[in-house]
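J.: Take a look at structure21.txt, compact mmCIF, C-alpha atoms and all ligand atoms:
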```txt
# COMPACT_ATOMS: atom_id res chain seq x y z
CA MET N 389 -28.01 -14.09 6.73
CA THR N 390 -27.18 -17.62 7.91
CA PRO N 391 -23.48 -18.13 8.60
CA SER N 392 -21.75 -20.40 6.12
CA VAL N 393 -18.38 -22.10 6.15
CA VAL N 394 -16.16 -20.45 3.57
CA ARG N 395 -12.67 -20.91 2.23
CA THR N 396 -10.64 -18.04 0.79
CA SER N 397 -7.11 -16.71 0.27
CA ALA N 398 -5.92 -14.17 2.81
CA ILE N 399 -2.87 -11.94 3.40
CA LEU N 400 -1.79 -11.30 6.99
CA LEU N 401 -1.85 -7.57 7.81
CA LYS N 402 -1.64 -7.45 11.62
CA LYS N 403 -1.20 -9.77 14.60
CA HIS N 404 -0.92 -9.57 18.36
CA ASP N 405 -0.99 -11.94 21.32
CA TYR N 406 -4.36 -12.63 22.87
CA SER N 407 -3.27 -15.16 25.53
CA ASP N 408 -0.38 -17.55 26.13
CA THR N 409 -1.55 -19.68 23.26
CA SER N 410 -3.87 -17.58 21.09
CA LEU N 411 -3.36 -14.82 18.56
CA ILE N 412 -5.55 -12.07 17.18
CA VAL N 413 -4.83 -11.41 13.52
CA THR N 414 -6.20 -9.20 10.76
CA PHE N 415 -6.34 -10.76 7.31
CA LEU N 416 -7.12 -9.10 4.00
CA THR N 417 -9.25 -11.85 2.50
CA ARG N 418 -9.74 -12.17 -1.24
CA ASP N 419 -13.53 -12.50 -1.09
CA PHE N 420 -14.75 -10.83 2.13
CA GLY N 421 -12.45 -7.83 2.67
CA LYS N 422 -10.54 -7.27 5.87
CA ILE N 423 -11.55 -9.51 8.80
CA GLN N 424 -10.24 -9.89 12.37
CA PHE N 425 -9.74 -13.44 13.60
CA ILE N 426 -8.87 -15.19 16.79
CA ILE N 427 -6.61 -18.19 16.27
CA LYS N 428 -6.84 -20.48 19.28
CA GLY N 429 -3.79 -22.58 20.08
CA ALA N 430 -1.80 -20.85 17.33
CA LYS N 431 1.38 -20.69 19.36
CA LYS N 432 0.99 -24.14 20.91
CA LYS N 433 0.83 -25.72 17.48
CA GLY N 434 3.91 -23.76 16.47
CA THR N 435 2.19 -22.25 13.41
CA ALA N 436 4.11 -19.24 12.11
CA PHE N 437 1.80 -16.44 11.04
CA GLU N 438 3.97 -13.90 9.25
CA TYR N 439 3.19 -10.39 8.01
CA GLY N 440 2.53 -10.27 4.30
CA SER N 441 2.28 -14.05 3.87
CA CYS N 442 -0.66 -15.51 1.99
CA TYR N 443 -2.72 -18.33 3.50
CA GLU N 444 -5.75 -20.33 2.54
CA ILE N 445 -8.17 -20.02 5.43
CA LEU N 446 -11.46 -21.60 6.48
CA PHE N 447 -14.03 -19.97 8.79
CA ARG N 448 -17.73 -19.45 9.41
CA TYR N 449 -18.62 -16.21 7.70
CA ARG N 450 -21.30 -14.03 9.26
CA GLN N 451 -21.98 -10.94 7.16
CA GLY N 452 -21.96 -7.73 9.18
CA HIS N 453 -20.53 -9.47 12.26
CA ARG N 454 -17.48 -7.17 12.49
CA GLY N 455 -16.29 -8.76 15.75
CA LEU N 456 -13.66 -11.47 16.16
CA THR N 457 -14.16 -14.55 14.00
CA LEU N 458 -12.78 -17.93 14.97
CA LEU N 459 -10.31 -19.23 12.41
CA ARG N 460 -10.97 -22.93 11.82
CA GLU N 461 -8.17 -23.90 9.45
CA SER N 462 -5.26 -22.32 7.66
CA HIS N 463 -2.33 -23.29 5.53
CA LEU N 464 0.45 -21.27 3.99
CA VAL N 465 0.11 -20.69 0.25
CA ASN N 466 2.90 -18.14 -0.37
CA GLY N 467 5.29 -16.86 2.32
CA PHE N 468 7.11 -14.62 -0.20
CA PRO N 469 10.49 -15.85 1.13
CA ALA N 470 12.47 -13.36 -1.01
CA LEU N 471 11.01 -10.52 1.10
CA ARG N 472 12.48 -11.95 4.30
CA LYS N 473 16.04 -12.07 3.01
CA SER N 474 16.65 -8.35 3.24
CA VAL N 475 15.85 -5.58 5.70
CA SER N 476 14.93 -3.09 3.00
CA LEU N 477 12.46 -5.46 1.37
CA PHE N 478 10.92 -6.15 4.76
CA TYR N 479 10.57 -2.40 5.39
CA CYS N 480 8.92 -1.90 2.01
CA SER N 481 6.41 -4.70 2.52
CA SER N 482 5.64 -3.46 6.07
CA TYR N 483 4.99 0.01 4.70
CA ALA N 484 2.62 -1.25 1.97
CA ILE N 485 0.76 -3.41 4.51
CA GLU N 486 0.32 -0.47 6.90
CA LEU N 487 -0.79 1.78 4.03
CA LEU N 488 -3.38 -0.69 2.80
CA ASP N 489 -4.62 -1.32 6.34
CA ALA N 490 -4.97 2.42 7.01
CA PHE N 491 -7.03 2.96 3.84
CA THR N 492 -9.45 0.04 4.27
CA GLU N 493 -12.42 -0.74 6.50
CA ILE N 494 -13.40 -4.08 8.06
CA GLU N 495 -15.52 -6.26 5.73
CA ASP N 496 -15.26 -3.93 2.78
CA GLU N 497 -15.16 -6.55 0.02
CA ASP N 498 -12.64 -5.69 -2.68
CA VAL N 499 -11.01 -8.38 -4.77
CA VAL N 500 -9.00 -5.80 -6.75
CA LEU N 501 -7.22 -4.68 -3.58
CA PHE N 502 -6.32 -8.25 -2.74
CA GLU N 503 -4.88 -8.85 -6.24
CA MET N 504 -3.05 -5.52 -6.06
CA MET N 505 -1.36 -6.53 -2.82
CA MET N 506 -0.40 -9.95 -4.18
CA MET N 507 1.09 -8.34 -7.28
CA PHE N 508 3.01 -5.83 -5.17
CA LEU N 509 4.50 -8.53 -2.91
CA THR N 510 5.52 -10.57 -5.95
CA GLN N 511 7.10 -7.62 -7.78
CA LEU N 512 8.94 -6.47 -4.68
CA GLY N 513 10.75 -9.79 -4.52
CA ILE N 514 12.05 -9.58 -8.10
CA SER N 515 12.42 -5.88 -8.86
CA ARG N 516 15.74 -4.02 -8.81
CA ASP N 517 14.03 -0.71 -8.18
CA LEU N 518 12.05 -0.73 -4.95
CA GLU N 519 11.11 2.94 -5.15
CA GLU N 520 9.42 2.35 -8.48
CA VAL N 521 7.46 -0.62 -7.13
CA ILE N 522 6.35 1.35 -4.06
CA ARG N 523 5.35 4.44 -6.04
CA SER N 524 3.30 2.29 -8.42
CA PHE N 525 1.58 0.59 -5.47
CA GLU N 526 0.78 3.90 -3.74
CA LEU N 527 -0.56 5.29 -6.99
CA ARG N 528 -2.72 2.25 -7.80
CA LEU N 529 -4.09 2.19 -4.26
CA LEU N 530 -5.01 5.90 -4.24
CA LEU N 531 -6.53 5.73 -7.72
CA HIS N 532 -8.54 2.61 -7.00
CA LEU N 533 -9.96 4.00 -3.76
CA GLY N 534 -10.63 7.41 -5.33
CA PHE N 535 -8.22 9.39 -3.14
CA LEU N 536 -6.19 11.01 -5.89
CA GLY N 537 -8.80 13.39 -7.26
CA GLU N 538 -8.56 14.90 -10.73
CA THR N 539 -4.94 14.99 -11.89
CA SER N 540 -5.28 15.40 -15.66
CA PHE N 541 -6.19 19.11 -15.94
CA CYS N 542 -6.48 22.40 -14.07
CA GLN N 543 -9.46 22.53 -11.72
CA ALA N 544 -10.33 26.12 -12.72
CA CYS N 545 -9.78 26.51 -16.50
CA LYS N 546 -9.90 22.74 -17.33
CA GLN N 547 -6.78 23.06 -19.54
CA SER N 548 -4.05 20.41 -19.50
CA PHE N 549 -0.93 21.23 -17.53
CA ARG N 550 1.96 22.72 -19.51
CA SER N 551 4.85 23.65 -17.25
CA LYS N 552 4.26 23.87 -13.52
CA VAL N 553 1.37 22.55 -11.46
CA PHE N 554 0.17 24.16 -8.23
CA LEU N 555 -1.38 22.19 -5.41
CA GLU N 556 -3.71 23.89 -2.96
CA GLU N 557 -2.82 22.27 0.33
CA LYS N 558 -6.10 22.91 2.10
CA ASN N 559 -8.22 20.98 -0.41
CA GLY N 560 -5.71 18.94 -2.45
CA ARG N 561 -6.86 20.45 -5.78
CA LEU N 562 -4.53 21.15 -8.71
CA PHE N 563 -4.26 24.35 -10.73
CA CYS N 564 -2.24 25.64 -13.67
CA GLU N 565 0.13 28.62 -13.46
CA ASN N 566 -2.58 31.09 -14.56
CA CYS N 567 -5.26 29.98 -12.12
CA ALA N 568 -3.26 29.16 -8.97
CA ARG N 569 -3.87 31.26 -5.88
CA ASN N 570 -2.17 29.46 -2.99
CA ARG N 571 1.19 28.64 -4.44
CA SER N 572 2.44 26.59 -1.53
CA GLU N 573 3.30 23.36 -3.36
CA VAL N 574 4.67 23.39 -6.90
CA PHE N 575 5.29 20.33 -9.07
CA PRO N 576 6.77 19.90 -12.56
CA SER N 577 4.16 18.90 -15.14
CA GLU N 578 6.28 15.79 -15.91
CA VAL N 579 4.80 14.23 -12.73
CA PHE N 580 1.30 14.51 -14.18
CA THR N 581 2.17 13.25 -17.66
CA THR N 582 3.76 10.26 -15.91
CA LEU N 583 0.59 9.76 -13.85
CA GLU N 584 -1.41 9.59 -17.09
CA ASP N 585 1.07 7.07 -18.54
CA LEU N 586 0.84 4.91 -15.41
CA LYS N 587 -2.96 5.05 -15.40
CA LYS N 588 -2.96 3.82 -19.01
CA GLY N 589 -0.36 1.11 -18.30
CA ARG N 590 2.29 2.74 -20.53
CA PRO N 591 5.97 2.16 -19.67
CA VAL N 592 7.59 4.96 -17.67
CA LYS N 593 11.23 6.06 -17.49
CA TRP N 594 11.88 6.99 -13.89
CA SER N 595 14.57 9.63 -13.41
CA GLU N 596 15.78 10.33 -9.87
CA ASN N 597 14.00 13.68 -9.92
CA LEU N 598 10.75 12.15 -11.14
CA LYS N 599 10.82 9.57 -8.32
CA LYS N 600 11.42 12.35 -5.77
CA GLU N 601 8.61 14.56 -7.11
CA MET N 602 6.16 11.66 -7.46
CA LYS N 603 6.85 10.64 -3.86
CA ARG N 604 6.22 14.20 -2.67
CA LEU N 605 2.88 14.29 -4.50
CA LEU N 606 1.66 10.84 -3.42
CA TRP N 607 2.74 11.33 0.18
CA PHE N 608 0.86 14.63 0.23
CA TYR N 609 -2.37 12.83 -0.77
CA ILE N 610 -1.73 9.95 1.64
CA ASP N 611 -1.23 12.35 4.57
CA PHE N 612 -4.12 14.52 3.42
CA HIS N 613 -6.56 11.59 3.68
CA LEU N 614 -5.16 9.72 6.69
CA GLU N 615 -5.75 11.00 10.18
CA LYS N 616 -2.56 9.64 11.72
CA PRO N 617 0.99 9.27 10.37
CA LEU N 618 2.21 5.92 9.11
CA LYS N 619 4.62 4.36 11.61
CA SER N 620 6.56 2.37 9.03
CA ARG N 621 7.32 5.35 6.81
CA LYS N 622 10.28 6.42 8.94
CA PHE N 623 12.04 3.21 7.90
CA LEU N 624 11.84 4.30 4.26
CA THR N 625 13.36 7.73 4.79
CA GLU N 626 16.41 9.03 6.58
CA SER N 627 16.20 12.26 8.56
CA ASN N 628 17.67 14.24 5.67
CA GLY N 629 14.94 12.99 3.37
CA ARG N 630 17.19 10.71 1.30
CA SER N 631 15.83 7.31 0.51
CA VAL N 632 17.26 4.51 2.64
CA ILE N 633 15.99 1.75 0.44
CA SER N 634 18.13 2.55 -2.59
CA ILE N 635 21.24 2.61 -0.40
CA GLN N 636 20.39 -0.66 1.30
CA LEU N 637 19.25 -2.29 -1.91
CA SER N 638 22.73 -2.31 -3.48
CA ALA N 639 24.11 -4.09 -0.40
CA ASP N 640 21.19 -6.52 -0.18
CA ARG N 641 21.19 -7.38 -3.85
CA LYS N 642 24.94 -8.02 -3.72
CA ARG N 643 24.32 -10.71 -1.16
CA VAL N 644 21.66 -12.27 -3.35
CA PHE N 645 23.35 -12.13 -6.75
CA TYR N 646 27.12 -12.44 -6.22
ZN ZN S 701 -6.05 26.88 -15.07
```
Please re-express this file's structure in structure tokens.
Ligand SMILES: [Zn+2]
T.:
Amino acid sequence: MTPSVVRTSAILLKKHDYSDTSLIVTFLTRDFGKIQFIIKGAKKKGTAFEYGSCYEILFRYRQGHRGLTLLRESHLVNGFPALRKSVSLFYCSSYAIELLDAFTEIEDEDVVLFEMMMMFLTQLGISRDLEEVIRSFELRLLLHLGFLGETSFCQACKQSFRSKVFLEEKNGRLFCENCARNRSEVFPSEVFTTLEDLKKGRPVKWSENLKKEMKRLLWFYIDFHLEKPLKSRKFLTESNGRSVISIQLSADRKRVFY
């Protein structure tokens, strides 16, 4: 296919120095999936390329190239400034960026993923409940990419879940109380009725226990499918397992609203 000059929106996922003046960056583009670019003279020109910011970019697209592409032009469209005002918001956006990066391949076109990320970054800046925004993002990502499996009924008897749900750790499959053999992970059925509500876009009332259980389930599936641990996750959780972000949020939001 002949290369053509294209223009698209792109969110910055990764960057590192290439030389004194150049940068290597990974963008999630709206129309061409994830692409690695070299930006010559980026530092000389004083252009700030920030994680999670959205740019409009111009480059020569060669399908199946997979190597470094030279970025011709870029300008900032949305820097999501609200996310840079607080440490906890920055941690949350870093985590979502790392998660999305870990679950995607170079040049795998997916406009839904791009829109999902844009929506997440926007909601993060205005929401008062960061855990809820993160859980929804994790869930949408896993569902969209097909990493959540069948969560609506027991994998053996095909009945809906009534009280407790049992997760077989070795294969990630879910069973009811009657059919479960390896009872290593147990979840309340409330988690799965909530999953159905979220899938259908119904409003959900998040109790503290529901958030905790949903996190345990989603993090199981994330770890189950990823080969290496996510570096940014430690910033979301203290050593005792309590969430840091809810503690920091009250302090951060005070600064913003009072
Ligand atoms: Zn069953």
J.: Counting only C-alpha atoms and all ligand atoms, figure out which residue out of N:Glu565, N:Asp611, N:Glu486, N:Glu556 gets nearest to ligand ZN 701 (chain S).
T.: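 Ranking N:Glu565, N:Asp611, N:Glu486, N:Glu556 by distance to ligand ZN 701 (chain S), first place goes to N:Glu565.
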J.: Give me, as a list in words, all polymer residues having an atom no more than 12 Å from Pro591 in chain N, counting all atoms listed in the file and skipping those fewer than 6 positions away in the same chain.
T.: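 My reading of the contact set: Glu520, Ser524, Thr581, Thr582, Leu583, Glu584 and Asp585 of chain N.
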J.: Write the residues of the selection above to a file with C-alpha atoms, as a compact mmCIF listing (two decimals), in the frame of the given file.
T.:
```txt
# COMPACT_ATOMS: atom_id res chain seq x y z
CA GLU N 520 9.42 2.35 -8.48
CA SER N 524 3.30 2.29 -8.42
CA THR N 581 2.17 13.25 -17.66
CA THR N 582 3.76 10.26 -15.91
CA LEU N 583 0.59 9.76 -13.85
CA GLU N 584 -1.41 9.59 -17.09
CA ASP N 585 1.07 7.07 -18.54
```
J.: With all atoms listed in the file counted, collect every polymer residue having an atom within 6 Å of ligand ZN 701 (chain S); state the result as a PyMOL selection string.
T.: chain N and resi 542+544-545+547+563-564+566-567
J.: I'd like the interatomic distance between CA of Thr390 in chain N and CA of Thr492 in chain N, to a tenth of an Å.
T.: 25.3 Å
J.: Could you give me, as a compact mmCIF listing (two decimals) with C-alpha atoms, in the frame of the given file, the residues that sit within 10 Å of (-12.0, -6.8, 2.2) in the file's coordinates, counting only C-alpha atoms?
T.:
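Generated output (selection32.txt):
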```txt
# COMPACT_ATOMS: atom_id res chain seq x y z
CA ALA N 398 -5.92 -14.17 2.81
CA PHE N 415 -6.34 -10.76 7.31
CA LEU N 416 -7.12 -9.10 4.00
CA THR N 417 -9.25 -11.85 2.50
CA ARG N 418 -9.74 -12.17 -1.24
CA ASP N 419 -13.53 -12.50 -1.09
CA PHE N 420 -14.75 -10.83 2.13
CA GLY N 421 -12.45 -7.83 2.67
CA LYS N 422 -10.54 -7.27 5.87
CA ILE N 423 -11.55 -9.51 8.80
CA THR N 492 -9.45 0.04 4.27
CA GLU N 493 -12.42 -0.74 6.50
CA ILE N 494 -13.40 -4.08 8.06
CA GLU N 495 -15.52 -6.26 5.73
CA ASP N 496 -15.26 -3.93 2.78
CA GLU N 497 -15.16 -6.55 0.02
CA ASP N 498 -12.64 -5.69 -2.68
CA VAL N 499 -11.01 -8.38 -4.77
CA VAL N 500 -9.00 -5.80 -6.75
CA LEU N 501 -7.22 -4.68 -3.58
CA PHE N 502 -6.32 -8.25 -2.74
```
J.: Out of N:Glu519, N:Leu606, N:Met506, N:Lys403, which residue has the shortest atom-to-atom distance to Trp594 in chain N when counting all atoms listed in the file?
T.: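 Once distances to Trp594 in chain N are computed over all atoms listed in the file, the minimum belongs to N:Glu519.
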J.: Nearest to Gly513 in chain N among N:Lys593, N:Lys600, N:Arg472, N:Lys546, with distances taken over only C-alpha atoms: which residue is it?
T.: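 When distances to Gly513 in chain N are compared using only C-alpha atoms, the smallest one comes from N:Arg472.
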J.: From the list N:Ile610, N:Pro576, N:Arg561, N:Tyr483, which residue is nearest Leu527 in chain N when using all atoms listed in the file?
T.: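 Looking at the shortest contact to Leu527 in chain N, the residue is N:Ile610.
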J.: Can you tell me which residues surround Asn597 in chain N at a distance of at most 12 Å, considering all atoms listed in the file, apart from same-chain residues fewer than 5 positions away, and format the answer as a VMD selection string?
T.: chain N and resid 575 to 576 578 to 579 602 to 604
J.: Return the padded bounding box of range 410-414 of chain N as lines of an AutoDock Vina configuration file: axis-aligned, built from all atoms listed in the file, 4 Å added on each side, with centre and edge lengths in Å to one decimal.
T.:
```
center_x = -4.8
center_y = -13.4
center_z = 15.9
size_x = 10.8
size_y = 16.4
size_z = 18.3
```
J.: Any idea what the distance is between CA of Leu459 in chain N and CA of Ser482 in chain N?
T.: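 Here the two named atoms are 23.3 Å from each other.
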J.: Identify which of the residues N:Val393, N:Val592, N:Ala490, N:Leu411 lies closest to Tyr449 in chain N, counting all atoms listed in the file when measuring atom-to-atom distances.
T.: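 So, comparing all the options, the nearest one is N:Val393.
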J.: If we count only C-alpha atoms, what is near Pro391 in chain N at a cut-off of 10 Å, once residues fewer than 3 positions away on the same chain are taken out, given as JSON, numbers by chain?
T.: {"N": [394, 447, 448, 449, 450, 451, 453]}
J.: Distance CA of Leu464 in chain N-CA of Thr414 in chain N, one decimal place?
T.: 15.4 Å
J.: Select, from N:Ser407, N:Ser572, N:Ile514, N:Phe541, the residue with the minimum atom-to-atom distance to Lys558 in chain N, counting only C-alpha atoms.
T.: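 The closest residue to Lys558 in chain N is N:Ser572.
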J.: Need the neighbours of (3.0, -0.2, 4.2): which residues are at most 12 Å away, counting only C-alpha atoms, as a ChimeraX atom specification?
T.: /N:401-402,439-440,477-491,505,508-509,522-523,525-526,529,610,617-624
J.: Reconstruct range 459-485 of chain N at the level of N, CA and C atoms, and format the result as a PDB file, keeping the file's coordinate frame.
T.:
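rebuild.pdb written:
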```
ATOM      1  N   LEU N 459     -10.906 -18.612  13.594  1.00  0.00           N
ATOM      2  CA  LEU N 459     -10.310 -19.230  12.410  1.00  0.00           C
ATOM      3  C   LEU N 459     -10.281 -20.743  12.608  1.00  0.00           C
ATOM      4  N   ARG N 460     -10.871 -21.474  11.664  1.00  0.00           N
ATOM      5  CA  ARG N 460     -10.970 -22.930  11.820  1.00  0.00           C
ATOM      6  C   ARG N 460      -9.735 -23.644  11.289  1.00  0.00           C
ATOM      7  N   GLU N 461      -9.261 -23.197  10.134  1.00  0.00           N
ATOM      8  CA  GLU N 461      -8.170 -23.900   9.450  1.00  0.00           C
ATOM      9  C   GLU N 461      -7.357 -22.900   8.664  1.00  0.00           C
ATOM     10  N   SER N 462      -6.071 -23.180   8.519  1.00  0.00           N
ATOM     11  CA  SER N 462      -5.260 -22.320   7.660  1.00  0.00           C
ATOM     12  C   SER N 462      -4.062 -23.094   7.149  1.00  0.00           C
ATOM     13  N   HIS N 463      -3.647 -22.806   5.943  1.00  0.00           N
ATOM     14  CA  HIS N 463      -2.330 -23.290   5.530  1.00  0.00           C
ATOM     15  C   HIS N 463      -1.654 -22.277   4.620  1.00  0.00           C
ATOM     16  N   LEU N 464      -0.342 -22.256   4.720  1.00  0.00           N
ATOM     17  CA  LEU N 464       0.450 -21.270   3.990  1.00  0.00           C
ATOM     18  C   LEU N 464       0.418 -21.566   2.496  1.00  0.00           C
ATOM     19  N   VAL N 465       0.112 -20.527   1.701  1.00  0.00           N
ATOM     20  CA  VAL N 465       0.110 -20.690   0.250  1.00  0.00           C
ATOM     21  C   VAL N 465       1.378 -20.052  -0.339  1.00  0.00           C
ATOM     22  N   ASN N 466       1.704 -18.833   0.124  1.00  0.00           N
ATOM     23  CA  ASN N 466       2.900 -18.140  -0.370  1.00  0.00           C
ATOM     24  C   ASN N 466       3.466 -17.272   0.750  1.00  0.00           C
ATOM     25  N   GLY N 467       4.650 -17.630   1.235  1.00  0.00           N
ATOM     26  CA  GLY N 467       5.290 -16.860   2.320  1.00  0.00           C
ATOM     27  C   GLY N 467       6.190 -15.761   1.766  1.00  0.00           C
ATOM     28  N   PHE N 468       6.229 -15.595   0.446  1.00  0.00           N
ATOM     29  CA  PHE N 468       7.110 -14.620  -0.200  1.00  0.00           C
ATOM     30  C   PHE N 468       8.498 -14.616   0.459  1.00  0.00           C
ATOM     31  N   PRO N 469       9.213 -15.738   0.406  1.00  0.00           N
ATOM     32  CA  PRO N 469      10.490 -15.850   1.130  1.00  0.00           C
ATOM     33  C   PRO N 469      11.528 -14.814   0.715  1.00  0.00           C
ATOM     34  N   ALA N 470      11.477 -14.353  -0.554  1.00  0.00           N
ATOM     35  CA  ALA N 470      12.470 -13.360  -1.010  1.00  0.00           C
ATOM     36  C   ALA N 470      12.397 -12.091  -0.164  1.00  0.00           C
ATOM     37  N   LEU N 471      11.193 -11.767   0.343  1.00  0.00           N
ATOM     38  CA  LEU N 471      11.010 -10.520   1.100  1.00  0.00           C
ATOM     39  C   LEU N 471      11.607 -10.603   2.495  1.00  0.00           C
ATOM     40  N   ARG N 472      11.950 -11.807   2.943  1.00  0.00           N
ATOM     41  CA  ARG N 472      12.480 -11.950   4.300  1.00  0.00           C
ATOM     42  C   ARG N 472      14.006 -12.043   4.308  1.00  0.00           C
ATOM     43  N   LYS N 473      14.584 -11.951   3.103  1.00  0.00           N
ATOM     44  CA  LYS N 473      16.040 -12.070   3.010  1.00  0.00           C
ATOM     45  C   LYS N 473      16.728 -10.728   3.175  1.00  0.00           C
ATOM     46  N   SER N 474      15.983  -9.645   3.136  1.00  0.00           N
ATOM     47  CA  SER N 474      16.650  -8.350   3.240  1.00  0.00           C
ATOM     48  C   SER N 474      15.808  -7.383   4.071  1.00  0.00           C
ATOM     49  N   VAL N 475      16.519  -6.544   4.823  1.00  0.00           N
ATOM     50  CA  VAL N 475      15.850  -5.580   5.700  1.00  0.00           C
ATOM     51  C   VAL N 475      15.046  -4.581   4.885  1.00  0.00           C
ATOM     52  N   SER N 476      15.632  -4.115   3.769  1.00  0.00           N
ATOM     53  CA  SER N 476      14.930  -3.090   3.000  1.00  0.00           C
ATOM     54  C   SER N 476      13.644  -3.632   2.374  1.00  0.00           C
ATOM     55  N   LEU N 477      13.687  -4.877   1.928  1.00  0.00           N
ATOM     56  CA  LEU N 477      12.460  -5.460   1.370  1.00  0.00           C
ATOM     57  C   LEU N 477      11.403  -5.632   2.454  1.00  0.00           C
ATOM     58  N   PHE N 478      11.856  -6.006   3.644  1.00  0.00           N
ATOM     59  CA  PHE N 478      10.920  -6.150   4.760  1.00  0.00           C
ATOM     60  C   PHE N 478      10.283  -4.800   5.115  1.00  0.00           C
ATOM     61  N   TYR N 479      11.100  -3.744   5.113  1.00  0.00           N
ATOM     62  CA  TYR N 479      10.570  -2.400   5.390  1.00  0.00           C
ATOM     63  C   TYR N 479       9.521  -2.014   4.349  1.00  0.00           C
ATOM     64  N   CYS N 480       9.836  -2.286   3.093  1.00  0.00           N
ATOM     65  CA  CYS N 480       8.920  -1.900   2.010  1.00  0.00           C
ATOM     66  C   CYS N 480       7.600  -2.654   2.133  1.00  0.00           C
ATOM     67  N   SER N 481       7.667  -3.942   2.415  1.00  0.00           N
ATOM     68  CA  SER N 481       6.410  -4.700   2.520  1.00  0.00           C
ATOM     69  C   SER N 481       5.629  -4.239   3.755  1.00  0.00           C
ATOM     70  N   SER N 482       6.334  -3.942   4.859  1.00  0.00           N
ATOM     71  CA  SER N 482       5.640  -3.460   6.070  1.00  0.00           C
ATOM     72  C   SER N 482       4.919  -2.146   5.789  1.00  0.00           C
ATOM     73  N   TYR N 483       5.592  -1.286   5.023  1.00  0.00           N
ATOM     74  CA  TYR N 483       4.990   0.010   4.700  1.00  0.00           C
ATOM     75  C   TYR N 483       3.721  -0.174   3.865  1.00  0.00           C
ATOM     76  N   ALA N 484       3.794  -1.035   2.847  1.00  0.00           N
ATOM     77  CA  ALA N 484       2.620  -1.250   1.970  1.00  0.00           C
ATOM     78  C   ALA N 484       1.469  -1.868   2.767  1.00  0.00           C
ATOM     79  N   ILE N 485       1.793  -2.767   3.691  1.00  0.00           N
ATOM     80  CA  ILE N 485       0.760  -3.410   4.510  1.00  0.00           C
ATOM     81  C   ILE N 485       0.077  -2.364   5.402  1.00  0.00           C
TER      82      ILE N 485
END
```
